[in-house]
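For reference, coords-v2.cif (mmCIF, C-alpha atoms and all ligand atoms):
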data_target
#
loop_
_atom_site.label_atom_id
_atom_site.label_comp_id
_atom_site.auth_asym_id
_atom_site.auth_seq_id
_atom_site.Cartn_x
_atom_site.Cartn_y
_atom_site.Cartn_z
CA MET A 1 37.60 49.87 6.27
CA GLU A 2 36.83 53.34 7.63
CA PRO A 3 34.03 53.37 10.21
CA PRO A 4 30.85 55.08 8.98
CA THR A 5 29.29 58.28 10.26
CA ILE A 6 25.52 57.86 10.09
CA GLN A 7 23.02 60.68 10.47
CA THR A 8 19.49 60.14 11.74
CA LYS A 9 16.84 62.72 12.60
CA ARG A 10 18.26 63.41 16.08
CA LEU A 11 21.57 61.55 16.21
CA GLU A 12 25.02 61.37 14.72
CA ILE A 13 26.38 57.83 14.98
CA ARG A 14 30.16 57.62 14.71
CA ALA A 15 33.17 55.73 16.03
CA LEU A 16 33.96 56.38 19.67
CA THR A 17 37.43 57.75 20.33
CA VAL A 18 39.57 57.84 23.47
CA ASP A 19 38.24 61.38 24.08
CA ASP A 20 34.83 59.80 24.79
CA ALA A 21 36.19 57.35 27.38
CA GLU A 22 35.23 59.30 30.53
CA LEU A 23 31.61 59.88 29.46
CA PHE A 24 31.26 56.32 28.16
CA TYR A 25 32.58 54.96 31.46
CA ALA A 26 30.22 57.26 33.43
CA TYR A 27 27.05 55.56 32.14
CA ARG A 28 28.50 52.10 31.39
CA SER A 29 29.60 51.72 35.03
CA LEU A 30 26.06 52.22 36.41
CA PRO A 31 24.61 48.98 37.85
CA GLU A 32 21.29 49.43 36.02
CA VAL A 33 23.23 49.66 32.75
CA TYR A 34 25.66 46.75 33.14
CA ARG A 35 23.16 44.49 34.94
CA PHE A 36 22.42 42.39 31.84
CA GLN A 37 25.71 42.99 30.03
CA GLN A 38 28.86 40.92 30.10
CA TRP A 39 31.21 43.91 29.77
CA MET A 40 31.36 46.12 32.84
CA PRO A 41 34.38 48.42 32.46
CA GLU A 42 36.31 48.75 35.73
CA SER A 43 37.73 52.19 34.92
CA ALA A 44 37.96 54.89 32.25
CA ALA A 45 41.51 53.64 31.66
CA GLU A 46 40.13 50.23 30.66
CA VAL A 47 37.83 51.98 28.17
CA VAL A 48 40.80 53.92 26.73
CA GLN A 49 42.64 50.62 26.32
CA PHE A 50 39.64 49.03 24.58
CA LEU A 51 39.13 51.99 22.22
CA THR A 52 42.82 52.19 21.34
CA LYS A 53 42.85 48.51 20.43
CA MET A 54 39.58 48.90 18.53
CA HIS A 55 41.07 51.60 16.29
CA LEU A 56 44.12 49.42 15.68
CA HIS A 57 42.09 46.49 14.32
CA GLY A 58 39.66 48.87 12.58
CA PHE A 59 36.04 48.61 11.47
CA ASP A 60 34.65 45.37 9.98
CA ALA A 61 37.50 43.13 11.15
CA ALA A 62 36.35 39.53 11.68
CA ASP A 63 36.13 38.37 15.30
CA THR A 64 36.27 41.88 16.80
CA TRP A 65 33.86 44.33 18.45
CA PHE A 66 33.58 47.92 17.19
CA GLN A 67 31.80 50.48 19.35
CA LEU A 68 29.87 53.34 17.72
CA GLY A 69 28.86 56.34 19.82
CA LEU A 70 25.40 57.91 19.62
CA PHE A 71 25.70 61.70 19.81
CA LEU A 72 22.81 64.15 20.05
CA LYS A 73 23.03 66.34 16.98
CA SER A 74 21.74 69.36 18.89
CA HIS A 75 24.84 69.68 21.12
CA ASP A 76 27.12 66.74 20.27
CA GLU A 77 26.47 64.97 23.60
CA LEU A 78 27.30 61.26 23.91
CA ILE A 79 24.09 59.54 25.08
CA GLY A 80 24.76 55.90 24.29
CA ASP A 81 26.55 53.41 22.10
CA MET A 82 26.08 50.44 19.82
CA GLY A 83 28.48 47.52 19.72
CA LEU A 84 29.02 45.66 16.45
CA HIS A 85 30.59 42.21 16.68
CA PHE A 86 31.85 41.11 13.26
CA LEU A 87 31.53 37.36 13.46
CA ALA A 88 34.26 35.01 12.28
CA PRO A 89 35.01 33.14 10.14
CA ASP A 90 33.09 34.55 7.14
CA ASN A 91 32.44 38.07 8.51
CA GLU A 92 29.00 38.21 6.88
CA GLN A 93 27.10 38.08 10.15
CA VAL A 94 27.06 40.76 12.82
CA GLU A 95 26.01 40.65 16.46
CA ILE A 96 24.59 43.97 17.65
CA SER A 97 24.13 45.37 21.13
CA PHE A 98 22.95 48.76 22.36
CA THR A 99 23.18 50.89 25.47
CA ILE A 100 21.51 54.21 26.22
CA SER A 101 22.46 56.30 29.23
CA PRO A 102 19.56 56.13 31.76
CA ALA A 103 19.00 59.91 31.56
CA HIS A 104 18.10 59.48 27.88
CA GLN A 105 16.17 56.20 27.85
CA ARG A 106 12.54 55.78 26.67
CA ARG A 107 12.74 58.53 24.06
CA GLY A 108 13.14 56.29 21.05
CA TYR A 109 16.90 56.82 20.66
CA ALA A 110 17.79 53.12 20.68
CA GLN A 111 15.21 52.31 18.01
CA GLU A 112 16.29 55.29 15.88
CA ALA A 113 19.98 54.36 16.09
CA ALA A 114 19.59 50.61 15.69
CA THR A 115 17.34 50.98 12.63
CA ALA A 116 19.90 53.24 10.92
CA VAL A 117 22.78 50.92 11.80
CA MET A 118 20.86 47.88 10.49
CA VAL A 119 20.15 49.71 7.21
CA HIS A 120 23.89 50.38 6.95
CA LEU A 121 24.86 46.77 7.71
CA PHE A 122 22.37 45.21 5.29
CA GLN A 123 22.18 47.76 2.47
CA ARG A 124 25.68 49.31 2.43
CA MET A 125 27.78 46.44 3.77
CA ASN A 126 25.65 43.63 2.37
CA LYS A 127 25.79 41.59 5.60
CA HIS A 128 23.84 38.33 5.47
CA ARG A 129 22.42 38.13 9.00
CA ILE A 130 22.16 40.25 12.15
CA ILE A 131 21.90 38.61 15.55
CA ALA A 132 21.58 39.73 19.16
CA LEU A 133 22.03 37.83 22.41
CA VAL A 134 19.91 38.99 25.31
CA ASP A 135 19.12 38.01 28.89
CA PRO A 136 15.53 36.64 29.14
CA ASN A 137 14.86 39.16 31.96
CA ASN A 138 15.95 42.17 29.88
CA ASN A 139 12.44 43.18 28.84
CA ASP A 140 13.41 46.60 27.42
CA SER A 141 15.96 45.05 25.13
CA ILE A 142 13.68 42.17 24.05
CA SER A 143 10.88 44.60 23.22
CA LEU A 144 13.31 46.70 21.16
CA LEU A 145 14.68 43.66 19.28
CA GLU A 146 11.16 42.57 18.36
CA LYS A 147 10.28 46.09 17.16
CA LEU A 148 13.46 46.07 15.06
CA GLY A 149 12.22 42.92 13.32
CA LEU A 150 14.50 40.32 14.87
CA ARG A 151 12.95 36.94 15.69
CA LYS A 152 13.60 34.76 18.72
CA GLU A 153 15.43 31.68 17.46
CA GLY A 154 16.79 30.10 20.58
CA HIS A 155 16.88 29.95 24.35
CA PHE A 156 20.16 28.69 25.74
CA ARG A 157 20.19 27.46 29.31
CA LYS A 158 22.96 28.77 31.55
CA SER A 159 25.15 29.42 28.54
CA ILE A 160 26.93 32.61 29.55
CA ARG A 161 28.83 33.37 32.74
CA ILE A 162 28.25 36.93 33.92
CA ARG A 163 30.24 38.03 36.96
CA GLY A 164 30.60 34.46 38.13
CA VAL A 165 26.97 33.36 37.60
CA TRP A 166 25.78 31.13 34.74
CA GLU A 167 22.87 32.91 33.00
CA ASP A 168 20.40 31.99 30.23
CA ASP A 169 20.74 33.72 26.87
CA LEU A 170 18.15 34.30 24.12
CA LEU A 171 19.25 34.39 20.48
CA TYR A 172 17.46 36.86 18.20
CA ALA A 173 18.19 37.10 14.47
CA VAL A 174 17.06 38.40 11.09
CA LEU A 175 18.28 37.79 7.53
CA ARG A 176 18.96 40.51 4.97
CA GLU A 177 16.55 38.88 2.50
CA GLU A 178 13.62 39.12 4.91
CA TRP A 179 14.27 42.39 6.80
CA GLN A 180 12.23 45.50 6.19
CA PRO A 181 13.28 48.75 7.90
C1 LIG B 201 17.53 48.44 25.96
C2 LIG B 201 17.82 49.92 25.85
C3 LIG B 201 19.03 50.12 24.94
C4 LIG B 201 16.61 50.64 25.22
O1 LIG B 201 16.95 52.02 24.99
P1 LIG B 201 15.84 53.18 24.84
O2 LIG B 201 16.49 54.32 24.13
O3 LIG B 201 15.19 53.43 26.13
O4 LIG B 201 14.83 52.47 23.83
P2 LIG B 201 13.62 53.17 23.08
O5 LIG B 201 13.38 54.54 23.68
O6 LIG B 201 13.87 53.09 21.62
O7 LIG B 201 12.43 52.22 23.49
C5 LIG B 201 12.15 51.99 24.87
C6 LIG B 201 10.69 52.25 25.20
O8 LIG B 201 10.43 53.66 25.22
C7 LIG B 201 9.27 53.92 24.44
N1 LIG B 201 9.39 55.27 23.87
C8 LIG B 201 9.97 55.63 22.72
N2 LIG B 201 9.90 56.96 22.55
C9 LIG B 201 9.26 57.44 23.63
C10 LIG B 201 8.90 58.73 24.06
N3 LIG B 201 9.17 59.82 23.32
N4 LIG B 201 8.26 58.86 25.25
C11 LIG B 201 7.99 57.78 26.01
N5 LIG B 201 8.33 56.50 25.66
C12 LIG B 201 8.95 56.35 24.50
C13 LIG B 201 9.28 52.84 23.39
O9 LIG B 201 8.00 52.65 22.80
C14 LIG B 201 9.71 51.66 24.22
O10 LIG B 201 8.62 51.19 25.00
P3 LIG B 201 8.15 49.64 24.96
O11 LIG B 201 9.37 48.82 25.27
O12 LIG B 201 7.11 49.58 26.03
O13 LIG B 201 7.65 49.42 23.59
C15 LIG B 201 18.07 50.57 27.23
O14 LIG B 201 17.03 50.21 28.10
C16 LIG B 201 19.41 50.20 27.86
O15 LIG B 201 20.44 50.82 27.59
N6 LIG B 201 19.42 49.21 28.78
C17 LIG B 201 20.64 48.87 29.52
C18 LIG B 201 21.69 48.22 28.67
C19 LIG B 201 21.24 46.91 28.09
O16 LIG B 201 20.81 46.02 28.82
N7 LIG B 201 21.37 46.79 26.77
C20 LIG B 201 20.97 45.61 26.02
C21 LIG B 201 22.08 44.66 25.84
S1 LIG B 201 21.61 43.44 24.60
#
Take the structure from the file and write it as structure tokens.
Ligand SMILES: CC(C)(COP(=O)(O)OP(=O)(O)OC[C@H]1O[C@@H](n2cnc3c(N)ncnc32)[C@H](O)[C@@H]1OP(=O)(O)O)[C@@H](O)C(=O)NCCC(=O)NCCS
Amino acid sequence: MEPPTIQTKRLEIRALTVDDAELFYAYRSLPEVYRFQQWMPESAAEVVQFLTKMHLHGFDAADTWFQLGLFLKSHDELIGDMGLHFLAPDNEQVEISFTISPAHQRRGYAQEAATAVMVHLFQRMNKHRIIALVDPNNNDSISLLEKLGLRKEGHFRKSIRIRGVWEDDLLYAVLREEWQP
């Protein structure tokens, strides 16, 4: 399936390409950005490798991540990204994650992008359930998930190893039949 291009008031949301690797790496390699995230790219070359593989398996392939870039419509600047994890085996559930470059945080971009992507997943792709996994100390992300209408469904103790340390993980989720944009 071709990846979508989604327009919101201020953003164009579209598949990242290898041309975006340097800028993506620039904000994804900042400690305040990767602090609560499992993936911390070691180099722009690693990002190129990831994006090349991503385009080979394509959009909506079960058991893969697909990374959409968030571009300011005003001057086509990459300011963040959303990861979509198409969950196996049925591929009717999607894990979402979001990252905004620190220079552009707290302006409503994550909420604007995530709402539009959730509309696409539920209304266009007919996905059954959207989930997110988040560190209990990641207050910005938790607040965003609650505003997006996801509900806390679980707290897993020391269930994910991040850079050698076992961390807790919260599970947030919402069903298509109950979600209202
Ligand atoms: C979590 C994250 C994506 C949020 O991105 P963001 O674009 O700053 O999110 P938003 O702007 O939509 O919302 C953040 C806050 O800014 C506020 N805000 C929105 N528009 C605003 C504006 N114009 N002026 C001031 N504040 C504003 C929101 O109300 C919200 O505040 P609240 O949490 O007190 O309710 C971002 O902090 C991030 O990238 N963190 C690092 C990566 C990470 O941990 N990702 C999560 C992995 S699951």
Adding 8 Å on each side of the box along x, y and z that holds all listed atoms of ligand LIG 201 (chain B), could you give its centre and edge lengths in Å to one decimal, as AutoDock Vina command-line options?
--center_x 14.6 --center_y 51.6 --center_z 25.6 --size_x 31.0 --size_y 32.4 --size_z 23.9
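Among the candidate residues A:Asp140, A:Glu46, A:Asp135, A:Glu153, the one lying nearest to A:Asp168 is A:Asp135, with distances computed using all atoms listed in the file.
The spacing separating atom CA of A:Ala62 from atom CA of A:Met125 amounts to 13.6 Å.
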Top pick for closest residue to ligand LIG 201 (chain B), considering A:Thr99, A:Ser159, A:Ser29, A:Thr8 and counting all atoms listed in the file: A:Thr99
Taking (20.9, 48.1, 26.6) in the file's own coordinates, collect the residues within 10 Å, counting only C-alpha atoms, and hand them back as a ChimeraX atom specification. /A:28,32-37,80-82,97-102,105,110,134,138,140-142,144
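Distances from A:Phe71, A:Trp179, A:Trp166, A:Tyr25 to A:Tyr109 were compared using all atoms listed in the file, and the smallest one belongs to A:Phe71.
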Best match for closeness to A:Glu167 among A:Thr52, A:Gln38, A:Lys147, A:Val47, counting only C-alpha atoms: A:Gln38
In file coordinates, which residues lie within 10 Å of (40.4, 52.7, 17.4) using all atoms listed in the file, given as a PyMOL selection string? chain A and resi 3+15-18+48-59+66-67
So that I can see what lies close to A:Thr5, please list as a ChimeraX atom specification the residues with an atom at most 12 Å from it, counting all atoms listed in the file and leaving out residues fewer than 3 positions away in the same chain. /A:2,8,11-16,59,68-71,113,116-117,120
Give me the residues within 6 Å of A:Arg129 as a ChimeraX atom specification, counting all atoms listed in the file and dropping any in the same chain fewer than 3 places off. /A:93,174-176
So what do you get for atom CA of A:Arg151 versus atom CA of A:Ala173, distance-wise? 5.4 Å
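Atom to atom, atom CA of A:Gln180 and atom CA of A:Leu145 stand 13.4 Å apart.
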